[in-house]
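**Student:** I'm passing along input-v1.pdb; it holds PDB, C-alpha atoms, pLDDT in the B column.
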```pdb
ATOM      1  CA  GLU S   1      11.468 -17.685 -78.378  1.00 75.00           C
ATOM      2  CA  PRO S   2       9.351 -19.688 -80.876  1.00 76.00           C
ATOM      3  CA  GLU S   3       6.128 -21.009 -79.478  1.00 93.00           C
ATOM      4  CA  VAL S   4       3.173 -23.196 -80.343  1.00 97.00           C
ATOM      5  CA  THR S   5      -0.015 -21.183 -80.777  1.00 97.00           C
ATOM      6  CA  GLN S   6      -3.539 -22.534 -80.406  1.00 97.00           C
ATOM      7  CA  THR S   7      -6.925 -21.103 -81.279  1.00 96.00           C
ATOM      8  CA  PRO S   8      -9.466 -20.582 -79.932  1.00 97.00           C
ATOM      9  CA  SER S   9      -8.501 -20.321 -76.288  1.00 97.00           C
ATOM     10  CA  HIS S  10     -12.026 -21.352 -75.263  1.00 97.00           C
ATOM     11  CA  GLN S  11     -14.673 -23.137 -77.320  1.00 97.00           C
ATOM     12  CA  VAL S  12     -18.214 -23.730 -76.133  1.00 97.00           C
ATOM     13  CA  THR S  13     -20.244 -26.174 -78.208  1.00 96.00           C
ATOM     14  CA  GLN S  14     -23.545 -27.987 -77.983  1.00 97.00           C
ATOM     15  CA  MET S  15     -23.403 -31.747 -77.565  1.00 97.00           C
ATOM     16  CA  GLY S  16     -23.501 -33.504 -80.906  1.00 97.00           C
ATOM     17  CA  GLN S  17     -21.838 -30.693 -82.806  1.00 97.00           C
ATOM     18  CA  GLU S  18     -18.472 -30.823 -84.535  1.00 97.00           C
ATOM     19  CA  VAL S  19     -15.519 -28.732 -83.397  1.00 98.00           C
ATOM     20  CA  ILE S  20     -12.162 -27.958 -84.973  1.00 97.00           C
ATOM     21  CA  LEU S  21      -9.267 -26.975 -82.780  1.00 98.00           C
ATOM     22  CA  ARG S  22      -6.373 -25.233 -84.458  1.00 97.00           C
ATOM     23  CA  CYS S  23      -2.673 -25.169 -83.793  1.00 97.00           C
ATOM     24  CA  VAL S  24       0.358 -23.556 -85.378  1.00 97.00           C
ATOM     25  CA  PRO S  25       3.415 -25.594 -84.368  1.00 96.00           C
ATOM     26  CA  ILE S  26       6.899 -24.136 -84.055  1.00 94.00           C
ATOM     27  CA  SER S  27       7.985 -23.419 -87.607  1.00 91.00           C
ATOM     28  CA  ASN S  28      10.942 -25.781 -87.986  1.00 88.00           C
ATOM     29  CA  HIS S  29       9.364 -28.635 -86.055  1.00 92.00           C
ATOM     30  CA  LEU S  30       8.374 -31.793 -87.878  1.00 91.00           C
ATOM     31  CA  TYR S  31       6.381 -33.770 -85.317  1.00 93.00           C
ATOM     32  CA  PHE S  32       3.033 -32.673 -83.997  1.00 95.00           C
ATOM     33  CA  TYR S  33       0.910 -33.967 -81.154  1.00 97.00           C
ATOM     34  CA  TRP S  34      -2.441 -33.546 -79.475  1.00 98.00           C
ATOM     35  CA  TYR S  35      -2.988 -34.198 -75.770  1.00 98.00           C
ATOM     36  CA  ARG S  36      -5.960 -33.587 -73.561  1.00 98.00           C
ATOM     37  CA  GLN S  37      -6.386 -32.952 -69.862  1.00 98.00           C
ATOM     38  CA  ILE S  38      -9.743 -33.427 -68.218  1.00 97.00           C
ATOM     39  CA  LEU S  39     -10.147 -31.123 -65.218  1.00 95.00           C
ATOM     40  CA  GLY S  40      -8.262 -32.496 -62.234  1.00 93.00           C
ATOM     41  CA  GLN S  41      -6.774 -35.388 -64.191  1.00 95.00           C
ATOM     42  CA  LYS S  42      -3.442 -36.086 -65.831  1.00 96.00           C
ATOM     43  CA  VAL S  43      -2.373 -35.111 -69.311  1.00 98.00           C
ATOM     44  CA  GLU S  44      -3.270 -37.858 -71.805  1.00 97.00           C
ATOM     45  CA  PHE S  45      -1.774 -38.513 -75.232  1.00 97.00           C
ATOM     46  CA  LEU S  46      -4.175 -38.542 -78.159  1.00 98.00           C
ATOM     47  CA  VAL S  47      -2.181 -38.657 -81.394  1.00 97.00           C
ATOM     48  CA  SER S  48       1.124 -37.892 -83.050  1.00 95.00           C
ATOM     49  CA  PHE S  49       1.558 -36.792 -86.664  1.00 95.00           C
ATOM     50  CA  TYR S  50       4.549 -36.763 -88.975  1.00 92.00           C
ATOM     51  CA  ASN S  51       4.998 -36.384 -92.703  1.00 90.00           C
ATOM     52  CA  ASN S  52       1.271 -35.928 -93.221  1.00 92.00           C
ATOM     53  CA  GLU S  53       0.217 -39.083 -91.504  1.00 94.00           C
ATOM     54  CA  ILE S  54      -0.590 -40.370 -88.048  1.00 95.00           C
ATOM     55  CA  SER S  55       2.451 -42.024 -86.481  1.00 93.00           C
ATOM     56  CA  GLU S  56       0.822 -43.143 -83.245  1.00 93.00           C
ATOM     57  CA  LYS S  57      -2.571 -42.842 -81.582  1.00 95.00           C
ATOM     58  CA  SER S  58      -4.070 -43.787 -78.248  1.00 95.00           C
ATOM     59  CA  GLU S  59      -7.218 -45.716 -77.445  1.00 95.00           C
ATOM     60  CA  ILE S  60      -8.949 -42.402 -76.835  1.00 96.00           C
ATOM     61  CA  PHE S  61      -8.388 -41.366 -80.447  1.00 97.00           C
ATOM     62  CA  ASP S  62     -11.236 -43.280 -82.033  1.00 95.00           C
ATOM     63  CA  ASP S  63     -13.311 -42.603 -85.143  1.00 95.00           C
ATOM     64  CA  GLN S  64     -14.754 -39.508 -83.512  1.00 97.00           C
ATOM     65  CA  PHE S  65     -11.404 -37.775 -83.877  1.00 98.00           C
ATOM     66  CA  SER S  66      -9.322 -36.803 -86.873  1.00 97.00           C
ATOM     67  CA  VAL S  67      -6.257 -34.675 -87.498  1.00 97.00           C
ATOM     68  CA  GLU S  68      -5.102 -32.779 -90.522  1.00 95.00           C
ATOM     69  CA  ARG S  69      -2.339 -30.490 -91.682  1.00 93.00           C
ATOM     70  CA  PRO S  70      -4.294 -28.461 -94.223  1.00 88.00           C
ATOM     71  CA  ASP S  71      -1.376 -26.213 -95.169  1.00 88.00           C
ATOM     72  CA  GLY S  72       2.262 -25.604 -94.315  1.00 80.00           C
ATOM     73  CA  SER S  73       1.607 -24.058 -90.946  1.00 88.00           C
ATOM     74  CA  ASN S  74      -1.645 -25.267 -89.373  1.00 94.00           C
ATOM     75  CA  PHE S  75      -2.400 -28.530 -87.596  1.00 96.00           C
ATOM     76  CA  THR S  76      -5.989 -29.268 -86.662  1.00 97.00           C
ATOM     77  CA  LEU S  77      -7.925 -31.641 -84.440  1.00 98.00           C
ATOM     78  CA  LYS S  78     -11.526 -32.325 -85.443  1.00 98.00           C
ATOM     79  CA  ILE S  79     -13.966 -33.843 -82.984  1.00 98.00           C
ATOM     80  CA  ARG S  80     -17.244 -35.040 -84.479  1.00 97.00           C
ATOM     81  CA  SER S  81     -20.506 -35.591 -82.587  1.00 97.00           C
ATOM     82  CA  THR S  82     -19.130 -34.124 -79.400  1.00 97.00           C
ATOM     83  CA  LYS S  83     -20.102 -35.645 -76.055  1.00 97.00           C
ATOM     84  CA  LEU S  84     -20.191 -34.178 -72.582  1.00 97.00           C
ATOM     85  CA  GLU S  85     -17.111 -36.206 -71.656  1.00 97.00           C
ATOM     86  CA  ASP S  86     -15.104 -34.493 -74.401  1.00 97.00           C
ATOM     87  CA  SER S  87     -14.990 -31.402 -72.201  1.00 98.00           C
ATOM     88  CA  ALA S  88     -11.312 -30.869 -71.417  1.00 98.00           C
ATOM     89  CA  MET S  89      -8.238 -28.788 -72.150  1.00 98.00           C
ATOM     90  CA  TYR S  90      -6.725 -29.792 -75.462  1.00 98.00           C
ATOM     91  CA  PHE S  91      -3.031 -29.150 -75.910  1.00 98.00           C
ATOM     92  CA  CYS S  92      -1.094 -29.140 -79.134  1.00 98.00           C
ATOM     93  CA  ALA S  93       2.633 -29.843 -78.967  1.00 97.00           C
ATOM     94  CA  SER S  94       5.488 -30.048 -81.425  1.00 96.00           C
ATOM     95  CA  SER S  95       9.030 -31.324 -81.485  1.00 93.00           C
ATOM     96  CA  GLY S  96      11.929 -30.952 -83.846  1.00 89.00           C
ATOM     97  CA  LEU S  97      12.681 -34.630 -84.091  1.00 76.00           C
ATOM     98  CA  GLY S  98      10.701 -37.727 -83.202  1.00 70.00           C
ATOM     99  CA  GLY S  99      10.709 -40.077 -80.302  1.00 71.00           C
ATOM    100  CA  GLY S 100      12.508 -38.969 -77.205  1.00 80.00           C
ATOM    101  CA  GLN S 101      12.810 -35.316 -78.105  1.00 87.00           C
ATOM    102  CA  PRO S 102      11.399 -32.500 -75.974  1.00 93.00           C
ATOM    103  CA  GLN S 103       7.851 -31.564 -76.865  1.00 95.00           C
ATOM    104  CA  HIS S 104       6.772 -27.963 -76.524  1.00 96.00           C
ATOM    105  CA  PHE S 105       3.170 -27.271 -75.655  1.00 97.00           C
ATOM    106  CA  GLY S 106       0.789 -24.548 -76.722  1.00 97.00           C
ATOM    107  CA  ASP S 107      -1.435 -22.671 -74.268  1.00 97.00           C
ATOM    108  CA  GLY S 108      -4.334 -25.027 -74.965  1.00 97.00           C
ATOM    109  CA  THR S 109      -7.967 -24.780 -75.955  1.00 98.00           C
ATOM    110  CA  ARG S 110     -10.549 -25.203 -73.245  1.00 98.00           C
ATOM    111  CA  LEU S 111     -13.428 -27.153 -74.799  1.00 98.00           C
ATOM    112  CA  SER S 112     -16.750 -27.021 -72.997  1.00 98.00           C
ATOM    113  CA  ILE S 113     -19.565 -29.240 -74.246  1.00 97.00           C
ATOM    114  CA  LEU S 114     -23.052 -28.245 -73.116  1.00 96.00           C
TER     115      LEU S 114
ATOM    116  CA  GLN Y   1       0.341 -50.572 -62.264  1.00 67.00           C
ATOM    117  CA  LYS Y   2       0.429 -46.968 -63.409  1.00 73.00           C
ATOM    118  CA  GLU Y   3       2.960 -46.144 -66.106  1.00 89.00           C
ATOM    119  CA  VAL Y   4       4.254 -43.075 -64.312  1.00 95.00           C
ATOM    120  CA  GLU Y   5       3.717 -42.436 -60.614  1.00 96.00           C
ATOM    121  CA  GLN Y   6       4.294 -39.319 -58.595  1.00 95.00           C
ATOM    122  CA  ASN Y   7       3.421 -38.291 -55.075  1.00 86.00           C
ATOM    123  CA  SER Y   8       0.463 -35.961 -55.480  1.00 79.00           C
ATOM    124  CA  GLY Y   9       1.497 -33.716 -52.598  1.00 83.00           C
ATOM    125  CA  PRO Y  10       0.965 -31.036 -51.777  1.00 91.00           C
ATOM    126  CA  LEU Y  11       4.622 -30.513 -51.015  1.00 96.00           C
ATOM    127  CA  SER Y  12       5.049 -27.409 -48.911  1.00 96.00           C
ATOM    128  CA  VAL Y  13       8.522 -25.913 -48.559  1.00 97.00           C
ATOM    129  CA  PRO Y  14       9.737 -22.605 -47.097  1.00 97.00           C
ATOM    130  CA  GLU Y  15      11.208 -20.021 -49.410  1.00 97.00           C
ATOM    131  CA  GLY Y  16      14.891 -20.676 -49.989  1.00 97.00           C
ATOM    132  CA  ALA Y  17      14.664 -24.394 -49.216  1.00 97.00           C
ATOM    133  CA  ILE Y  18      15.141 -27.357 -51.538  1.00 97.00           C
ATOM    134  CA  ALA Y  19      12.066 -29.026 -52.985  1.00 97.00           C
ATOM    135  CA  SER Y  20      12.548 -32.696 -53.893  1.00 97.00           C
ATOM    136  CA  LEU Y  21      10.123 -34.377 -56.275  1.00 97.00           C
ATOM    137  CA  ASN Y  22      10.094 -38.050 -57.151  1.00 96.00           C
ATOM    138  CA  CYS Y  23       8.804 -40.067 -60.069  1.00 97.00           C
ATOM    139  CA  THR Y  24       8.838 -43.794 -60.815  1.00 96.00           C
ATOM    140  CA  TYR Y  25       7.971 -45.470 -64.098  1.00 96.00           C
ATOM    141  CA  SER Y  26       7.021 -49.003 -64.979  1.00 93.00           C
ATOM    142  CA  ASP Y  27       8.257 -49.438 -68.558  1.00 91.00           C
ATOM    143  CA  ARG Y  28      11.919 -50.488 -68.630  1.00 90.00           C
ATOM    144  CA  GLY Y  29      12.008 -49.460 -72.293  1.00 88.00           C
ATOM    145  CA  SER Y  30      11.620 -45.809 -71.319  1.00 92.00           C
ATOM    146  CA  GLN Y  31      14.532 -43.792 -72.592  1.00 91.00           C
ATOM    147  CA  SER Y  32      13.650 -40.120 -72.281  1.00 94.00           C
ATOM    148  CA  PHE Y  33      12.478 -38.291 -69.199  1.00 96.00           C
ATOM    149  CA  PHE Y  34      10.992 -34.856 -68.858  1.00 97.00           C
ATOM    150  CA  TRP Y  35       9.866 -32.501 -66.142  1.00 98.00           C
ATOM    151  CA  TYR Y  36       7.164 -30.003 -66.928  1.00 98.00           C
ATOM    152  CA  ARG Y  37       5.805 -27.245 -64.732  1.00 98.00           C
ATOM    153  CA  GLN Y  38       2.107 -26.479 -64.921  1.00 98.00           C
ATOM    154  CA  TYR Y  39       0.572 -23.466 -63.279  1.00 97.00           C
ATOM    155  CA  SER Y  40      -3.116 -23.726 -62.476  1.00 95.00           C
ATOM    156  CA  GLY Y  41      -5.185 -23.415 -65.642  1.00 93.00           C
ATOM    157  CA  LYS Y  42      -2.116 -23.200 -67.849  1.00 96.00           C
ATOM    158  CA  SER Y  43      -0.263 -25.528 -70.182  1.00 97.00           C
ATOM    159  CA  PRO Y  44       2.735 -27.729 -69.336  1.00 97.00           C
ATOM    160  CA  GLU Y  45       6.011 -25.852 -69.620  1.00 97.00           C
ATOM    161  CA  LEU Y  46       9.183 -27.869 -70.217  1.00 96.00           C
ATOM    162  CA  ILE Y  47      11.806 -27.212 -67.556  1.00 96.00           C
ATOM    163  CA  MET Y  48      14.195 -30.190 -67.745  1.00 95.00           C
ATOM    164  CA  PHE Y  49      14.905 -33.321 -69.730  1.00 96.00           C
ATOM    165  CA  ILE Y  50      17.371 -36.118 -69.078  1.00 96.00           C
ATOM    166  CA  TYR Y  51      18.381 -39.168 -71.060  1.00 94.00           C
ATOM    167  CA  SER Y  52      21.342 -40.673 -69.196  1.00 95.00           C
ATOM    168  CA  ASN Y  53      21.817 -41.997 -65.687  1.00 96.00           C
ATOM    169  CA  GLY Y  54      23.131 -39.425 -63.236  1.00 97.00           C
ATOM    170  CA  ASP Y  55      22.495 -35.770 -62.601  1.00 97.00           C
ATOM    171  CA  LYS Y  56      21.754 -32.898 -64.952  1.00 97.00           C
ATOM    172  CA  GLU Y  57      21.748 -29.348 -63.652  1.00 97.00           C
ATOM    173  CA  ASP Y  58      20.145 -26.271 -65.170  1.00 96.00           C
ATOM    174  CA  GLY Y  59      20.143 -23.206 -62.981  1.00 97.00           C
ATOM    175  CA  ARG Y  60      18.247 -23.963 -59.786  1.00 97.00           C
ATOM    176  CA  PHE Y  61      16.942 -27.260 -61.162  1.00 98.00           C
ATOM    177  CA  THR Y  62      18.644 -30.657 -61.031  1.00 98.00           C
ATOM    178  CA  ALA Y  63      17.210 -33.783 -62.614  1.00 98.00           C
ATOM    179  CA  GLN Y  64      18.439 -37.160 -61.434  1.00 98.00           C
ATOM    180  CA  LEU Y  65      17.911 -40.424 -63.306  1.00 97.00           C
ATOM    181  CA  ASN Y  66      18.418 -44.002 -62.181  1.00 97.00           C
ATOM    182  CA  LYS Y  67      17.253 -46.385 -64.888  1.00 95.00           C
ATOM    183  CA  ALA Y  68      18.061 -49.496 -62.864  1.00 95.00           C
ATOM    184  CA  SER Y  69      15.649 -48.346 -60.168  1.00 95.00           C
ATOM    185  CA  GLN Y  70      13.255 -46.821 -62.743  1.00 96.00           C
ATOM    186  CA  TYR Y  71      13.362 -43.585 -60.852  1.00 95.00           C
ATOM    187  CA  VAL Y  72      13.729 -39.953 -61.847  1.00 97.00           C
ATOM    188  CA  SER Y  73      13.706 -36.954 -59.544  1.00 97.00           C
ATOM    189  CA  LEU Y  74      13.758 -33.189 -59.670  1.00 98.00           C
ATOM    190  CA  LEU Y  75      15.406 -30.925 -57.131  1.00 98.00           C
ATOM    191  CA  ILE Y  76      14.523 -27.251 -56.952  1.00 98.00           C
ATOM    192  CA  ARG Y  77      17.120 -25.279 -55.027  1.00 98.00           C
ATOM    193  CA  ASP Y  78      16.496 -21.894 -53.406  1.00 98.00           C
ATOM    194  CA  SER Y  79      12.745 -22.342 -53.898  1.00 97.00           C
ATOM    195  CA  GLN Y  80      10.820 -19.187 -54.709  1.00 97.00           C
ATOM    196  CA  PRO Y  81       7.089 -18.442 -54.373  1.00 96.00           C
ATOM    197  CA  SER Y  82       6.976 -18.365 -58.182  1.00 96.00           C
ATOM    198  CA  ASP Y  83       7.952 -22.054 -58.153  1.00 97.00           C
ATOM    199  CA  SER Y  84       4.546 -22.863 -56.658  1.00 97.00           C
ATOM    200  CA  ALA Y  85       2.960 -25.049 -59.325  1.00 97.00           C
ATOM    201  CA  THR Y  86       2.253 -28.654 -60.254  1.00 97.00           C
ATOM    202  CA  TYR Y  87       5.287 -30.516 -61.577  1.00 98.00           C
ATOM    203  CA  LEU Y  88       4.622 -33.213 -64.138  1.00 98.00           C
ATOM    204  CA  CYS Y  89       6.940 -36.111 -64.823  1.00 98.00           C
ATOM    205  CA  ALA Y  90       6.725 -37.499 -68.361  1.00 97.00           C
ATOM    206  CA  VAL Y  91       8.501 -40.411 -70.030  1.00 95.00           C
ATOM    207  CA  ASN Y  92       8.698 -42.018 -73.428  1.00 90.00           C
ATOM    208  CA  ARG Y  93      10.458 -44.863 -75.168  1.00 76.00           C
ATOM    209  CA  SER Y  94      13.099 -44.174 -77.755  1.00 68.00           C
ATOM    210  CA  ASN Y  95      11.539 -44.162 -81.238  1.00 69.00           C
ATOM    211  CA  ASP Y  96       8.162 -43.836 -79.605  1.00 79.00           C
ATOM    212  CA  TYR Y  97       6.106 -40.717 -79.913  1.00 84.00           C
ATOM    213  CA  LYS Y  98       3.795 -40.343 -76.980  1.00 91.00           C
ATOM    214  CA  LEU Y  99       4.657 -38.865 -73.632  1.00 95.00           C
ATOM    215  CA  SER Y 100       3.199 -40.710 -70.664  1.00 95.00           C
ATOM    216  CA  PHE Y 101       2.528 -38.283 -67.855  1.00 97.00           C
ATOM    217  CA  GLY Y 102       2.270 -38.740 -64.144  1.00 97.00           C
ATOM    218  CA  ALA Y 103      -0.552 -37.084 -62.264  1.00 96.00           C
ATOM    219  CA  GLY Y 104       1.808 -34.402 -60.985  1.00 96.00           C
ATOM    220  CA  THR Y 105       3.114 -33.170 -57.647  1.00 97.00           C
ATOM    221  CA  THR Y 106       1.783 -29.857 -56.374  1.00 96.00           C
ATOM    222  CA  VAL Y 107       4.450 -27.701 -54.777  1.00 97.00           C
ATOM    223  CA  THR Y 108       3.703 -24.720 -52.549  1.00 97.00           C
ATOM    224  CA  VAL Y 109       6.567 -22.440 -51.564  1.00 97.00           C
ATOM    225  CA  ARG Y 110       5.817 -20.510 -48.358  1.00 94.00           C
ATOM    226  CA  ALA Y 111       7.150 -16.972 -48.194  1.00 89.00           C
TER     227      ALA Y 111
END
```
As structure tokens - that is how I would like this structure written.
**Tutor:**
Amino acid sequence: EPEVTQTPSHQVTQMGQEVILRCVPISNHLYFYWYRQILGQKVEFLVSFYNNEISEKSEIFDDQFSVERPDGSNFTLKIRSTKLEDSAMYFCASSGLGGGQPQHFGDGTRLSIL
Amino acid sequence: QKEVEQNSGPLSVPEGAIASLNCTYSDRGSQSFFWYRQYSGKSPELIMFIYSNGDKEDGRFTAQLNKASQYVSLLIRDSQPSDSATYLCAVNRSNDYKLSFGAGTTVTVRA
């Protein structure tokens, strides 16, 4: 069964550094998403992406964050000037169609900011 | 008011019993409803989705939706120890992109 793959599985970074989290969505999916889950808290939406542009973003997704689809398969989340509170699990998801369609999640990247 | 509310649990059920999980949502514009299972330290795994009022069955799982009451539930029949996990309710509006998640209900199935 097709799946969303994310790399790395665990990223440890010093505060203030930049990180790039990578995702390969399911191949025939058109909509891509990033969510995060701080330990012990609920899953929170960050951003959705379609046709090479952001379609929706949350209040969390400020100027510190950016997303990109650098080629036909990868989808990345860049976090600049990382802060301690950015420590969380980051999940990439994809769906075949847009709003209302099931989103399939990758295994996540655990980001630890020291 | 939280967008999506779930009883946090834990919900403890004996093996073979029915586990009943509830979820309420505040946005009447919500059109699509999802149940995800999340094992500790793992990612959400889609197990059910429902769009219309009524029941939808898939194997041992049944999702029930009542839009008038803004209520969606999940029944797990013949519960197995492997069903022990946190179950996340998620909703979104039609033509909207984000999923709004509840905090999850932790289910423990006793052997």
**Student:** Edge lengths and centre in Å to one decimal, as lines of an AutoDock Vina configuration file, is what I'm after for the box along x, y and z that holds all listed atoms of region 46-54 of chain Y once 8 Å is added on each side.
**Tutor:**
```
center_x = 16.2
center_y = -34.6
center_z = -67.1
size_x = 29.9
size_y = 30.8
size_z = 23.8
```
**Student:** Which residues would end up in the selection if the PyMOL selection byres ((chain Y) within 7 of (chain S)) were applied here, given that I need the answer as a VMD selection string?
**Tutor:** chain Y and resid 31 to 32 42 to 46 92 to 99 101 to 103
**Student:** Generate the output file for the selected residues, C-alpha atoms, as a PDB file, in the frame of the given file.
**Tutor:**
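Output below, filename again-v1.pdb:
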```pdb
ATOM      1  CA  GLN Y  31      14.532 -43.792 -72.592  1.00 91.00           C
ATOM      2  CA  SER Y  32      13.650 -40.120 -72.281  1.00 94.00           C
ATOM      3  CA  LYS Y  42      -2.116 -23.200 -67.849  1.00 96.00           C
ATOM      4  CA  SER Y  43      -0.263 -25.528 -70.182  1.00 97.00           C
ATOM      5  CA  PRO Y  44       2.735 -27.729 -69.336  1.00 97.00           C
ATOM      6  CA  GLU Y  45       6.011 -25.852 -69.620  1.00 97.00           C
ATOM      7  CA  LEU Y  46       9.183 -27.869 -70.217  1.00 96.00           C
ATOM      8  CA  ASN Y  92       8.698 -42.018 -73.428  1.00 90.00           C
ATOM      9  CA  ARG Y  93      10.458 -44.863 -75.168  1.00 76.00           C
ATOM     10  CA  SER Y  94      13.099 -44.174 -77.755  1.00 68.00           C
ATOM     11  CA  ASN Y  95      11.539 -44.162 -81.238  1.00 69.00           C
ATOM     12  CA  ASP Y  96       8.162 -43.836 -79.605  1.00 79.00           C
ATOM     13  CA  TYR Y  97       6.106 -40.717 -79.913  1.00 84.00           C
ATOM     14  CA  LYS Y  98       3.795 -40.343 -76.980  1.00 91.00           C
ATOM     15  CA  LEU Y  99       4.657 -38.865 -73.632  1.00 95.00           C
ATOM     16  CA  PHE Y 101       2.528 -38.283 -67.855  1.00 97.00           C
ATOM     17  CA  GLY Y 102       2.270 -38.740 -64.144  1.00 97.00           C
ATOM     18  CA  ALA Y 103      -0.552 -37.084 -62.264  1.00 96.00           C
TER      19      ALA Y 103
END
```
**Student:** Would you tabulate, counting all atoms listed in the file, all residues of region 30-91 of chain Y that have an atom at most 12 Å from an atom of region 5-26 of chain Y, showing the closest pair of atoms and their distance in Å to one decimal, sorted by chain then ascending number, as JSON lines?
**Tutor:**
```
{"residue": "Y:Ser30", "atom": "CA", "partner": "Y:Tyr25", "partner_atom": "CA", "distance": 8.1}
{"residue": "Y:Gln31", "atom": "CA", "partner": "Y:Tyr25", "partner_atom": "CA", "distance": 10.9}
{"residue": "Y:Ser32", "atom": "CA", "partner": "Y:Tyr25", "partner_atom": "CA", "distance": 11.3}
{"residue": "Y:Phe33", "atom": "CA", "partner": "Y:Tyr25", "partner_atom": "CA", "distance": 9.9}
{"residue": "Y:Phe34", "atom": "CA", "partner": "Y:Cys23", "partner_atom": "CA", "distance": 10.4}
{"residue": "Y:Trp35", "atom": "CA", "partner": "Y:Cys23", "partner_atom": "CA", "distance": 9.8}
{"residue": "Y:Tyr36", "atom": "CA", "partner": "Y:Leu21", "partner_atom": "CA", "distance": 11.9}
{"residue": "Y:Arg37", "atom": "CA", "partner": "Y:Leu21", "partner_atom": "CA", "distance": 11.9}
{"residue": "Y:Arg60", "atom": "CA", "partner": "Y:Ile18", "partner_atom": "CA", "distance": 9.4}
{"residue": "Y:Phe61", "atom": "CA", "partner": "Y:Ala19", "partner_atom": "CA", "distance": 9.7}
{"residue": "Y:Thr62", "atom": "CA", "partner": "Y:Ser20", "partner_atom": "CA", "distance": 9.6}
{"residue": "Y:Ala63", "atom": "CA", "partner": "Y:Leu21", "partner_atom": "CA", "distance": 9.5}
{"residue": "Y:Gln64", "atom": "CA", "partner": "Y:Asn22", "partner_atom": "CA", "distance": 9.4}
{"residue": "Y:Leu65", "atom": "CA", "partner": "Y:Cys23", "partner_atom": "CA", "distance": 9.7}
{"residue": "Y:Asn66", "atom": "CA", "partner": "Y:Thr24", "partner_atom": "CA", "distance": 9.7}
{"residue": "Y:Lys67", "atom": "CA", "partner": "Y:Tyr25", "partner_atom": "CA", "distance": 9.4}
{"residue": "Y:Ala68", "atom": "CA", "partner": "Y:Tyr25", "partner_atom": "CA", "distance": 10.9}
{"residue": "Y:Ser69", "atom": "CA", "partner": "Y:Thr24", "partner_atom": "CA", "distance": 8.2}
{"residue": "Y:Gln70", "atom": "CA", "partner": "Y:Tyr25", "partner_atom": "CA", "distance": 5.6}
{"residue": "Y:Tyr71", "atom": "CA", "partner": "Y:Thr24", "partner_atom": "CA", "distance": 4.5}
{"residue": "Y:Val72", "atom": "CA", "partner": "Y:Cys23", "partner_atom": "CA", "distance": 5.2}
{"residue": "Y:Ser73", "atom": "CA", "partner": "Y:Asn22", "partner_atom": "CA", "distance": 4.5}
{"residue": "Y:Leu74", "atom": "CA", "partner": "Y:Leu21", "partner_atom": "CA", "distance": 5.1}
{"residue": "Y:Leu75", "atom": "CA", "partner": "Y:Ser20", "partner_atom": "CA", "distance": 4.7}
{"residue": "Y:Ile76", "atom": "CA", "partner": "Y:Ala19", "partner_atom": "CA", "distance": 5.0}
{"residue": "Y:Arg77", "atom": "CA", "partner": "Y:Ile18", "partner_atom": "CA", "distance": 4.5}
{"residue": "Y:Asp78", "atom": "CA", "partner": "Y:Gly16", "partner_atom": "CA", "distance": 4.0}
{"residue": "Y:Ser79", "atom": "CA", "partner": "Y:Gly16", "partner_atom": "CA", "distance": 4.8}
{"residue": "Y:Gln80", "atom": "CA", "partner": "Y:Glu15", "partner_atom": "CA", "distance": 5.4}
{"residue": "Y:Pro81", "atom": "CA", "partner": "Y:Glu15", "partner_atom": "CA", "distance": 6.6}
{"residue": "Y:Ser82", "atom": "CA", "partner": "Y:Glu15", "partner_atom": "CA", "distance": 9.9}
{"residue": "Y:Asp83", "atom": "CA", "partner": "Y:Glu15", "partner_atom": "CA", "distance": 9.5}
{"residue": "Y:Ser84", "atom": "CA", "partner": "Y:Ser12", "partner_atom": "CA", "distance": 9.0}
{"residue": "Y:Ala85", "atom": "CA", "partner": "Y:Pro10", "partner_atom": "CA", "distance": 9.8}
{"residue": "Y:Thr86", "atom": "CA", "partner": "Y:Pro10", "partner_atom": "CA", "distance": 8.9}
{"residue": "Y:Tyr87", "atom": "CA", "partner": "Y:Leu21", "partner_atom": "CA", "distance": 8.1}
{"residue": "Y:Leu88", "atom": "CA", "partner": "Y:Gln6", "partner_atom": "CA", "distance": 8.3}
{"residue": "Y:Cys89", "atom": "CA", "partner": "Y:Cys23", "partner_atom": "CA", "distance": 6.5}
{"residue": "Y:Ala90", "atom": "CA", "partner": "Y:Cys23", "partner_atom": "CA", "distance": 8.9}
{"residue": "Y:Val91", "atom": "CA", "partner": "Y:Tyr25", "partner_atom": "CA", "distance": 7.8}
```
**Student:** So how far away is CA of Gln11 (chain S) from CA of Ile60 (chain S), in Å?
**Tutor:**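 Separating CA of Ile60 (chain S) from CA of Gln11 (chain S) is a distance of 20.1 Å.
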**Student:** Mind pulling up the distance from CA of Ser112 (chain S) to CA of Glu53 (chain S)?
**Tutor:**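 Atom-to-atom, CA of Glu53 (chain S) to CA of Ser112 (chain S), that is 27.9 Å.
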**Student:** Counting all atoms listed in the file, which of S:Ser94, S:His29, S:Phe61, S:Glu85 gets nearest to Ile113 (chain S)?
**Tutor:**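 Selected residue with least distance to Ile113 (chain S): S:Glu85.
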**Student:** Tell me, as a ChimeraX atom specification, which residues lie within 10 Å of Phe65 (chain S), counting only C-alpha atoms; anything in the same chain fewer than 3 positions away does not count.
**Tutor:** /S:18-20,46-47,60-62,77-82
